[in-house]
Each structure stands twice: as C-alpha cells, then as structure tokens.
Amino acid sequence: MKGIMFNTKYGLEDAVLDGIKTRTWRADKEPRYKIGEIVSIKQSYSDVLRIWFYLDKKLYDKVCNLRNEAGWTNKMFVKNELMPNKIKITGIKQCHLQDITDEECCAEGIFFFNKGYKFKGCDGNYSTPRVPFAKLINKLNGKDYWETNPLGYAYEFELI
C-alpha cells in the first residue's frame with residue numbers, strides 16, 4: 001500500500017480528515033496513483049496512537065512499541081500499513097498548476113471565512129480562492145513556485 005503526506009502546519013492534513021480537502025495537485029512526471037487505489041494518510045505514530053487504542057488493541061500495542069523509531073514524531077518514516085486513515089483515489093487529471101478553477105482551489109483546502117478565502121496560517125482574506133491557493137503553493141514549494149506553472153497531476157479522492 002502506498003502512502004501520502006499532507007502538510008500539517010497549514011491545516012491540510014486536518015482538512016483531509018475533516019472531509020474538506022478532496023483534491024491534491026502534485027508535480028509528478030507520471031501519475032503515482034491509479035483510480036480506485038487506496039492510499040494511507042501518513043501521520044506520526046504518536047498522532048495515531050489514540051486512534052488505534054479504540055480500533056484495534058493488537059495494533060495499539062504494536063504502535064506503542066515504536067516509541068524509539070523515527071516515525072514516532074516524523075510521518076515520513078512510518079509504515080503505511082500501520083496508518084488508520086486512508087483515502088480512495090476517485091479521479092486523476094494531468095494539468096498545469098495554474099489551470100486550477102476556483103472550485104478546485106476549495107477542494108484543495110482553501111475555505112471561506114470572515115468575508116474572504118484563506119487557508120490556515122494565511123495572512124488575510126481574499127475575494128477569490130485562487131490567490132490564497134497560489135500563496136499556499138508558494139509556502140509549500142518555495143517562493144515563486146506558482147509562477148513556474150509546472151505540469152503535474154491533480155488527484156481527486158475521498159476519505160474512507
């Protein structure tokens with residue numbers, strides 16, 4: 001099973017788990033997922049420990065024994081099969097980053113709040129979701145990344 005990481009600092013992981021974020025754009029040369037594929041949401045072991053306590057005592061004990069592993073605090077190093085939260089890929093579209101529509105920006109985790117669009121940690125509210133999405137992309141990928149308008153894949157998904 002493959003895994004996928006969503007940024008925690010800017011609220012993207014929470015947006016996925018809350019069912020708000022249902023799309024992610026990645027600068028992939030080839031699609032990394034297939035329609036219908038189930039993908040684990042990578043979270044640190046310390047973050048998922050409480051979930052396993054209620055779902056599966058055996059896996060809870062197994063995760064407890066990983067306290068000294070790198071994945072305890074860093075989701076990059078977790079085993080995908082130990083992740084309790086998963087998504088199912090429902091659509092794939094090759095596109096340039098700037099081809100995104102306002103509706104797709106909202107599916108990427110941009111939300112309307114206090115008379116404008118923003119994301120967690122955004123420095124203001126904007127009249128359209130495209131501006132905060134461009135700001136988010138630059139925060140995630142580096143200054144002026146949006147302007148490079150790379151070709152990649154947009155993956156639509158549902159939380160399962």
# chains A, B, ... in the order shown; residues from 1 in each chain; ligands from 1
>>> select_by_dssp(residues="region 8-85 of chain A", states="alpha helix (DSSP H)", output="ChimeraX atom specification")
/A:12-17,45-55,57-64
>>> write_last_selection(atoms="N, CA and C atoms", output="PDB file, in the first residue's frame")
ATOM      1  N   LEU A  12      -3.653  21.226   6.128  1.00  0.00           N
ATOM      2  CA  LEU A  12      -4.109  20.375   5.036  1.00  0.00           C
ATOM      3  C   LEU A  12      -4.444  18.962   5.506  1.00  0.00           C
ATOM      4  N   GLU A  13      -3.670  18.429   6.443  1.00  0.00           N
ATOM      5  CA  GLU A  13      -3.982  17.099   6.977  1.00  0.00           C
ATOM      6  C   GLU A  13      -5.346  17.120   7.677  1.00  0.00           C
ATOM      7  N   ASP A  14      -5.580  18.130   8.495  1.00  0.00           N
ATOM      8  CA  ASP A  14      -6.877  18.262   9.173  1.00  0.00           C
ATOM      9  C   ASP A  14      -8.003  18.438   8.161  1.00  0.00           C
ATOM     10  N   ALA A  15      -7.758  19.204   7.095  1.00  0.00           N
ATOM     11  CA  ALA A  15      -8.787  19.423   6.077  1.00  0.00           C
ATOM     12  C   ALA A  15      -9.160  18.107   5.389  1.00  0.00           C
ATOM     13  N   VAL A  16      -8.185  17.229   5.165  1.00  0.00           N
ATOM     14  CA  VAL A  16      -8.469  15.912   4.585  1.00  0.00           C
ATOM     15  C   VAL A  16      -9.294  15.091   5.574  1.00  0.00           C
ATOM     16  N   LEU A  17      -8.854  15.041   6.824  1.00  0.00           N
ATOM     17  CA  LEU A  17      -9.545  14.228   7.831  1.00  0.00           C
ATOM     18  C   LEU A  17     -10.942  14.753   8.150  1.00  0.00           C
ATOM     19  N   TYR A  45       3.444   8.149  14.365  1.00  0.00           N
ATOM     20  CA  TYR A  45       2.893   7.123  15.254  1.00  0.00           C
ATOM     21  C   TYR A  45       2.281   7.745  16.502  1.00  0.00           C
ATOM     22  N   SER A  46       2.908   8.785  17.014  1.00  0.00           N
ATOM     23  CA  SER A  46       2.366   9.424  18.216  1.00  0.00           C
ATOM     24  C   SER A  46       0.989  10.038  17.940  1.00  0.00           C
ATOM     25  N   ASP A  47       0.747  10.499  16.716  1.00  0.00           N
ATOM     26  CA  ASP A  47      -0.550  11.075  16.359  1.00  0.00           C
ATOM     27  C   ASP A  47      -1.643  10.020  16.207  1.00  0.00           C
ATOM     28  N   VAL A  48      -1.288   8.824  15.760  1.00  0.00           N
ATOM     29  CA  VAL A  48      -2.312   7.796  15.511  1.00  0.00           C
ATOM     30  C   VAL A  48      -2.492   6.829  16.681  1.00  0.00           C
ATOM     31  N   LEU A  49      -1.675   6.951  17.694  1.00  0.00           N
ATOM     32  CA  LEU A  49      -1.735   6.019  18.823  1.00  0.00           C
ATOM     33  C   LEU A  49      -3.125   5.970  19.455  1.00  0.00           C
ATOM     34  N   ARG A  50      -3.715   7.120  19.691  1.00  0.00           N
ATOM     35  CA  ARG A  50      -5.028   7.189  20.328  1.00  0.00           C
ATOM     36  C   ARG A  50      -6.104   6.516  19.460  1.00  0.00           C
ATOM     37  N   ILE A  51      -5.984   6.662  18.141  1.00  0.00           N
ATOM     38  CA  ILE A  51      -6.952   6.051  17.230  1.00  0.00           C
ATOM     39  C   ILE A  51      -6.895   4.536  17.365  1.00  0.00           C
ATOM     40  N   TRP A  52      -5.680   3.976  17.384  1.00  0.00           N
ATOM     41  CA  TRP A  52      -5.541   2.522  17.476  1.00  0.00           C
ATOM     42  C   TRP A  52      -6.002   1.996  18.836  1.00  0.00           C
ATOM     43  N   PHE A  53      -5.922   2.812  19.868  1.00  0.00           N
ATOM     44  CA  PHE A  53      -6.394   2.397  21.198  1.00  0.00           C
ATOM     45  C   PHE A  53      -7.864   1.988  21.121  1.00  0.00           C
ATOM     46  N   TYR A  54      -8.643   2.739  20.340  1.00  0.00           N
ATOM     47  CA  TYR A  54     -10.076   2.463  20.221  1.00  0.00           C
ATOM     48  C   TYR A  54     -10.415   1.462  19.125  1.00  0.00           C
ATOM     49  N   LEU A  55      -9.577   1.355  18.101  1.00  0.00           N
ATOM     50  CA  LEU A  55      -9.892   0.491  16.966  1.00  0.00           C
ATOM     51  C   LEU A  55      -9.367  -0.931  17.086  1.00  0.00           C
ATOM     52  N   LYS A  57      -6.668  -3.266  19.599  1.00  0.00           N
ATOM     53  CA  LYS A  57      -5.728  -3.378  20.722  1.00  0.00           C
ATOM     54  C   LYS A  57      -4.371  -3.947  20.281  1.00  0.00           C
ATOM     55  N   LYS A  58      -4.372  -4.907  19.370  1.00  0.00           N
ATOM     56  CA  LYS A  58      -3.110  -5.503  18.910  1.00  0.00           C
ATOM     57  C   LYS A  58      -2.256  -4.458  18.184  1.00  0.00           C
ATOM     58  N   LEU A  59      -2.878  -3.677  17.296  1.00  0.00           N
ATOM     59  CA  LEU A  59      -2.119  -2.643  16.590  1.00  0.00           C
ATOM     60  C   LEU A  59      -1.714  -1.525  17.535  1.00  0.00           C
ATOM     61  N   TYR A  60      -2.541  -1.231  18.519  1.00  0.00           N
ATOM     62  CA  TYR A  60      -2.184  -0.233  19.537  1.00  0.00           C
ATOM     63  C   TYR A  60      -0.891  -0.658  20.233  1.00  0.00           C
ATOM     64  N   ASP A  61      -0.823  -1.925  20.659  1.00  0.00           N
ATOM     65  CA  ASP A  61       0.385  -2.429  21.323  1.00  0.00           C
ATOM     66  C   ASP A  61       1.592  -2.365  20.389  1.00  0.00           C
ATOM     67  N   LYS A  62       1.376  -2.708  19.114  1.00  0.00           N
ATOM     68  CA  LYS A  62       2.465  -2.678  18.131  1.00  0.00           C
ATOM     69  C   LYS A  62       2.985  -1.243  17.953  1.00  0.00           C
ATOM     70  N   VAL A  63       2.073  -0.283  17.832  1.00  0.00           N
ATOM     71  CA  VAL A  63       2.478   1.118  17.650  1.00  0.00           C
ATOM     72  C   VAL A  63       3.161   1.640  18.913  1.00  0.00           C
ATOM     73  N   CYS A  64       2.683   1.234  20.095  1.00  0.00           N
ATOM     74  CA  CYS A  64       3.321   1.647  21.361  1.00  0.00           C
ATOM     75  C   CYS A  64       4.787   1.238  21.398  1.00  0.00           C
TER      76      CYS A  64
END
>>> closest_atom_pairs(of="region 74-105 of chain A", to="region 19-27 of chain A", cutoff="10 Å", atoms="only C-alpha atoms", output="JSON lines")
{"residue": "A:Ile87", "atom": "CA", "partner": "A:Thr22", "partner_atom": "CA", "distance": 9.2}
{"residue": "A:Ile89", "atom": "CA", "partner": "A:Arg23", "partner_atom": "CA", "distance": 9.2}
{"residue": "A:Thr90", "atom": "CA", "partner": "A:Arg23", "partner_atom": "CA", "distance": 9.5}
{"residue": "A:Gly91", "atom": "CA", "partner": "A:Arg23", "partner_atom": "CA", "distance": 8.9}
{"residue": "A:Ile92", "atom": "CA", "partner": "A:Arg23", "partner_atom": "CA", "distance": 9.4}
{"residue": "A:Lys93", "atom": "CA", "partner": "A:Trp25", "partner_atom": "CA", "distance": 9.2}
{"residue": "A:Gln94", "atom": "CA", "partner": "A:Trp25", "partner_atom": "CA", "distance": 9.3}
{"residue": "A:Cys95", "atom": "CA", "partner": "A:Trp25", "partner_atom": "CA", "distance": 8.9}
{"residue": "A:His96", "atom": "CA", "partner": "A:Ala27", "partner_atom": "CA", "distance": 8.9}
{"residue": "A:Leu97", "atom": "CA", "partner": "A:Trp25", "partner_atom": "CA", "distance": 7.5}
{"residue": "A:Ile100", "atom": "CA", "partner": "A:Trp25", "partner_atom": "CA", "distance": 9.4}
{"residue": "A:Glu104", "atom": "CA", "partner": "A:Arg23", "partner_atom": "CA", "distance": 7.4}
{"residue": "A:Cys105", "atom": "CA", "partner": "A:Arg23", "partner_atom": "CA", "distance": 8.6}
>>> residues_around(residues="Ala134 (chain A)", least_positions_apart="3", cutoff="12 Å", atoms="only C-alpha atoms", output="PyMOL selection string")
chain A and resi 97-102+105+108+110+117-119+122+126+128-131+137-149
>>> write_last_selection(atoms="N, CA and C atoms", output="compact mmCIF listing (two decimals), in the first residue's frame")
# COMPACT_ATOMS: atom_id res chain seq x y z
N LEU A 97 -0.33 23.70 -13.08
CA LEU A 97 -0.74 24.20 -11.78
C LEU A 97 -1.75 25.34 -11.89
N GLN A 98 -1.51 26.29 -12.77
CA GLN A 98 -2.38 27.45 -12.88
C GLN A 98 -3.69 27.19 -13.63
N ASP A 99 -3.91 25.96 -14.10
CA ASP A 99 -5.17 25.61 -14.74
C ASP A 99 -6.29 25.42 -13.72
N ILE A 100 -6.00 25.52 -12.46
CA ILE A 100 -6.96 25.23 -11.40
C ILE A 100 -8.13 26.23 -11.41
N THR A 101 -9.33 25.71 -11.19
CA THR A 101 -10.53 26.55 -11.10
C THR A 101 -10.74 26.97 -9.64
N ASP A 102 -11.64 27.94 -9.45
CA ASP A 102 -11.98 28.36 -8.08
C ASP A 102 -12.52 27.19 -7.27
N CYS A 105 -9.73 24.97 -6.22
CA CYS A 105 -8.96 25.58 -5.12
C CYS A 105 -9.61 25.25 -3.78
N GLU A 108 -8.92 21.88 -2.68
CA GLU A 108 -7.53 21.77 -2.23
C GLU A 108 -7.35 22.22 -0.78
N ILE A 110 -8.71 25.35 0.47
CA ILE A 110 -8.96 26.78 0.65
C ILE A 110 -10.41 26.93 1.11
N TYR A 117 -11.58 34.31 1.28
CA TYR A 117 -10.97 32.98 1.16
C TYR A 117 -9.59 32.98 1.80
N LYS A 118 -9.22 31.84 2.39
CA LYS A 118 -7.92 31.72 3.06
C LYS A 118 -7.58 30.26 3.31
N PHE A 119 -6.46 30.01 3.96
CA PHE A 119 -6.06 28.70 4.48
C PHE A 119 -5.46 28.94 5.85
N CYS A 122 -2.82 31.72 6.69
CA CYS A 122 -2.85 32.72 5.62
C CYS A 122 -2.92 34.11 6.22
N TYR A 126 -9.18 36.85 0.94
CA TYR A 126 -9.14 37.26 -0.46
C TYR A 126 -10.48 37.01 -1.12
N THR A 128 -11.22 35.84 -4.07
CA THR A 128 -11.32 34.58 -4.81
C THR A 128 -10.40 33.56 -4.15
N PRO A 129 -10.67 32.26 -4.32
CA PRO A 129 -9.82 31.23 -3.71
C PRO A 129 -8.47 31.05 -4.41
N ARG A 130 -8.32 31.58 -5.61
CA ARG A 130 -7.08 31.40 -6.38
C ARG A 130 -5.88 32.08 -5.74
N VAL A 131 -6.07 33.26 -5.18
CA VAL A 131 -4.94 34.00 -4.58
C VAL A 131 -4.39 33.25 -3.36
N ILE A 137 0.65 27.32 -2.29
CA ILE A 137 1.59 26.57 -3.14
C ILE A 137 3.01 27.11 -2.96
N ASN A 138 3.16 28.43 -2.91
CA ASN A 138 4.49 29.03 -2.72
C ASN A 138 5.05 28.71 -1.34
N LYS A 139 4.21 28.65 -0.32
CA LYS A 139 4.68 28.29 1.02
C LYS A 139 5.13 26.84 1.06
N LEU A 140 4.43 25.98 0.36
CA LEU A 140 4.74 24.55 0.37
C LEU A 140 5.94 24.19 -0.50
N ASN A 141 6.12 24.92 -1.62
CA ASN A 141 7.12 24.53 -2.62
C ASN A 141 8.24 25.54 -2.85
N GLY A 142 8.15 26.68 -2.21
CA GLY A 142 9.19 27.69 -2.37
C GLY A 142 8.68 28.92 -3.08
N LYS A 143 9.36 30.01 -2.81
CA LYS A 143 8.98 31.32 -3.36
C LYS A 143 8.86 31.26 -4.88
N ASP A 144 7.79 31.84 -5.40
CA ASP A 144 7.54 31.97 -6.83
C ASP A 144 7.30 30.64 -7.56
N TYR A 145 7.04 29.56 -6.82
CA TYR A 145 6.75 28.27 -7.46
C TYR A 145 5.51 28.38 -8.35
N TRP A 146 4.49 29.08 -7.87
CA TRP A 146 3.25 29.25 -8.62
C TRP A 146 3.55 29.80 -10.02
N GLU A 147 4.45 30.76 -10.11
CA GLU A 147 4.76 31.41 -11.38
C GLU A 147 5.40 30.46 -12.39
N THR A 148 6.03 29.40 -11.94
CA THR A 148 6.66 28.45 -12.86
C THR A 148 5.62 27.61 -13.60
N ASN A 149 4.40 27.52 -13.04
CA ASN A 149 3.26 26.83 -13.66
C ASN A 149 3.63 25.44 -14.19
>>> residues_around(residues="Thr73 (chain A)", least_positions_apart="2", cutoff="10 Å", atoms="only C-alpha atoms", output="list in words")
Gln43, Ser44, Tyr45, Ser46, Asp47, Arg67, Asn68, Glu69, Ala70, Gly71, Lys75, Met76, Phe77 and Val78 of chain A
>>> write_last_selection(atoms="N, CA, C and O atoms", output="short mmCIF file (atom, residue, chain, number, x, y, z; two decimals), in the first residue's frame")
data_model
loop_
_atom_site.label_atom_id
_atom_site.label_comp_id
_atom_site.auth_asym_id
_atom_site.auth_seq_id
_atom_site.Cartn_x
_atom_site.Cartn_y
_atom_site.Cartn_z
N GLN A 43 0.77 9.72 9.04
CA GLN A 43 0.76 10.53 10.26
C GLN A 43 1.79 9.91 11.19
O GLN A 43 2.06 8.72 11.12
N SER A 44 2.34 10.71 12.08
CA SER A 44 3.33 10.16 13.01
C SER A 44 2.65 9.12 13.90
O SER A 44 1.45 9.18 14.14
N TYR A 45 3.44 8.15 14.37
CA TYR A 45 2.89 7.12 15.25
C TYR A 45 2.28 7.74 16.50
O TYR A 45 1.25 7.30 16.98
N SER A 46 2.91 8.78 17.01
CA SER A 46 2.37 9.42 18.22
C SER A 46 0.99 10.04 17.94
O SER A 46 0.13 10.07 18.82
N ASP A 47 0.75 10.50 16.72
CA ASP A 47 -0.55 11.07 16.36
C ASP A 47 -1.64 10.02 16.21
O ASP A 47 -2.82 10.30 16.47
N ARG A 67 8.00 3.62 19.91
CA ARG A 67 8.33 4.92 20.51
C ARG A 67 9.75 5.39 20.18
O ARG A 67 10.00 6.59 20.13
N ASN A 68 10.67 4.48 19.96
CA ASN A 68 12.05 4.87 19.67
C ASN A 68 12.36 4.92 18.17
O ASN A 68 13.49 5.16 17.78
N GLU A 69 11.34 4.70 17.35
CA GLU A 69 11.52 4.73 15.90
C GLU A 69 11.39 6.17 15.38
O GLU A 69 10.73 7.00 15.99
N ALA A 70 12.00 6.44 14.23
CA ALA A 70 11.95 7.78 13.63
C ALA A 70 10.51 8.20 13.34
O ALA A 70 10.17 9.38 13.42
N GLY A 71 9.64 7.25 13.03
CA GLY A 71 8.26 7.56 12.71
C GLY A 71 7.42 8.00 13.89
O GLY A 71 6.28 8.42 13.71
N LYS A 75 6.26 11.69 10.24
CA LYS A 75 5.42 10.84 9.41
C LYS A 75 6.10 10.34 8.14
O LYS A 75 5.62 9.40 7.52
N MET A 76 7.24 10.92 7.79
CA MET A 76 7.95 10.46 6.61
C MET A 76 8.44 9.01 6.78
O MET A 76 8.60 8.28 5.81
N PHE A 77 8.64 8.58 8.02
CA PHE A 77 9.25 7.28 8.27
C PHE A 77 8.28 6.21 8.78
O PHE A 77 8.70 5.19 9.29
N VAL A 78 6.98 6.43 8.65
CA VAL A 78 6.02 5.45 9.15
C VAL A 78 5.77 4.36 8.13
O VAL A 78 6.02 4.52 6.94
#
>>> closest_residue(among="A:Ser127, A:Leu159, A:Lys120, A:Tyr153", to="Gly11 (chain A)", atoms="only C-alpha atoms")
A:Lys120
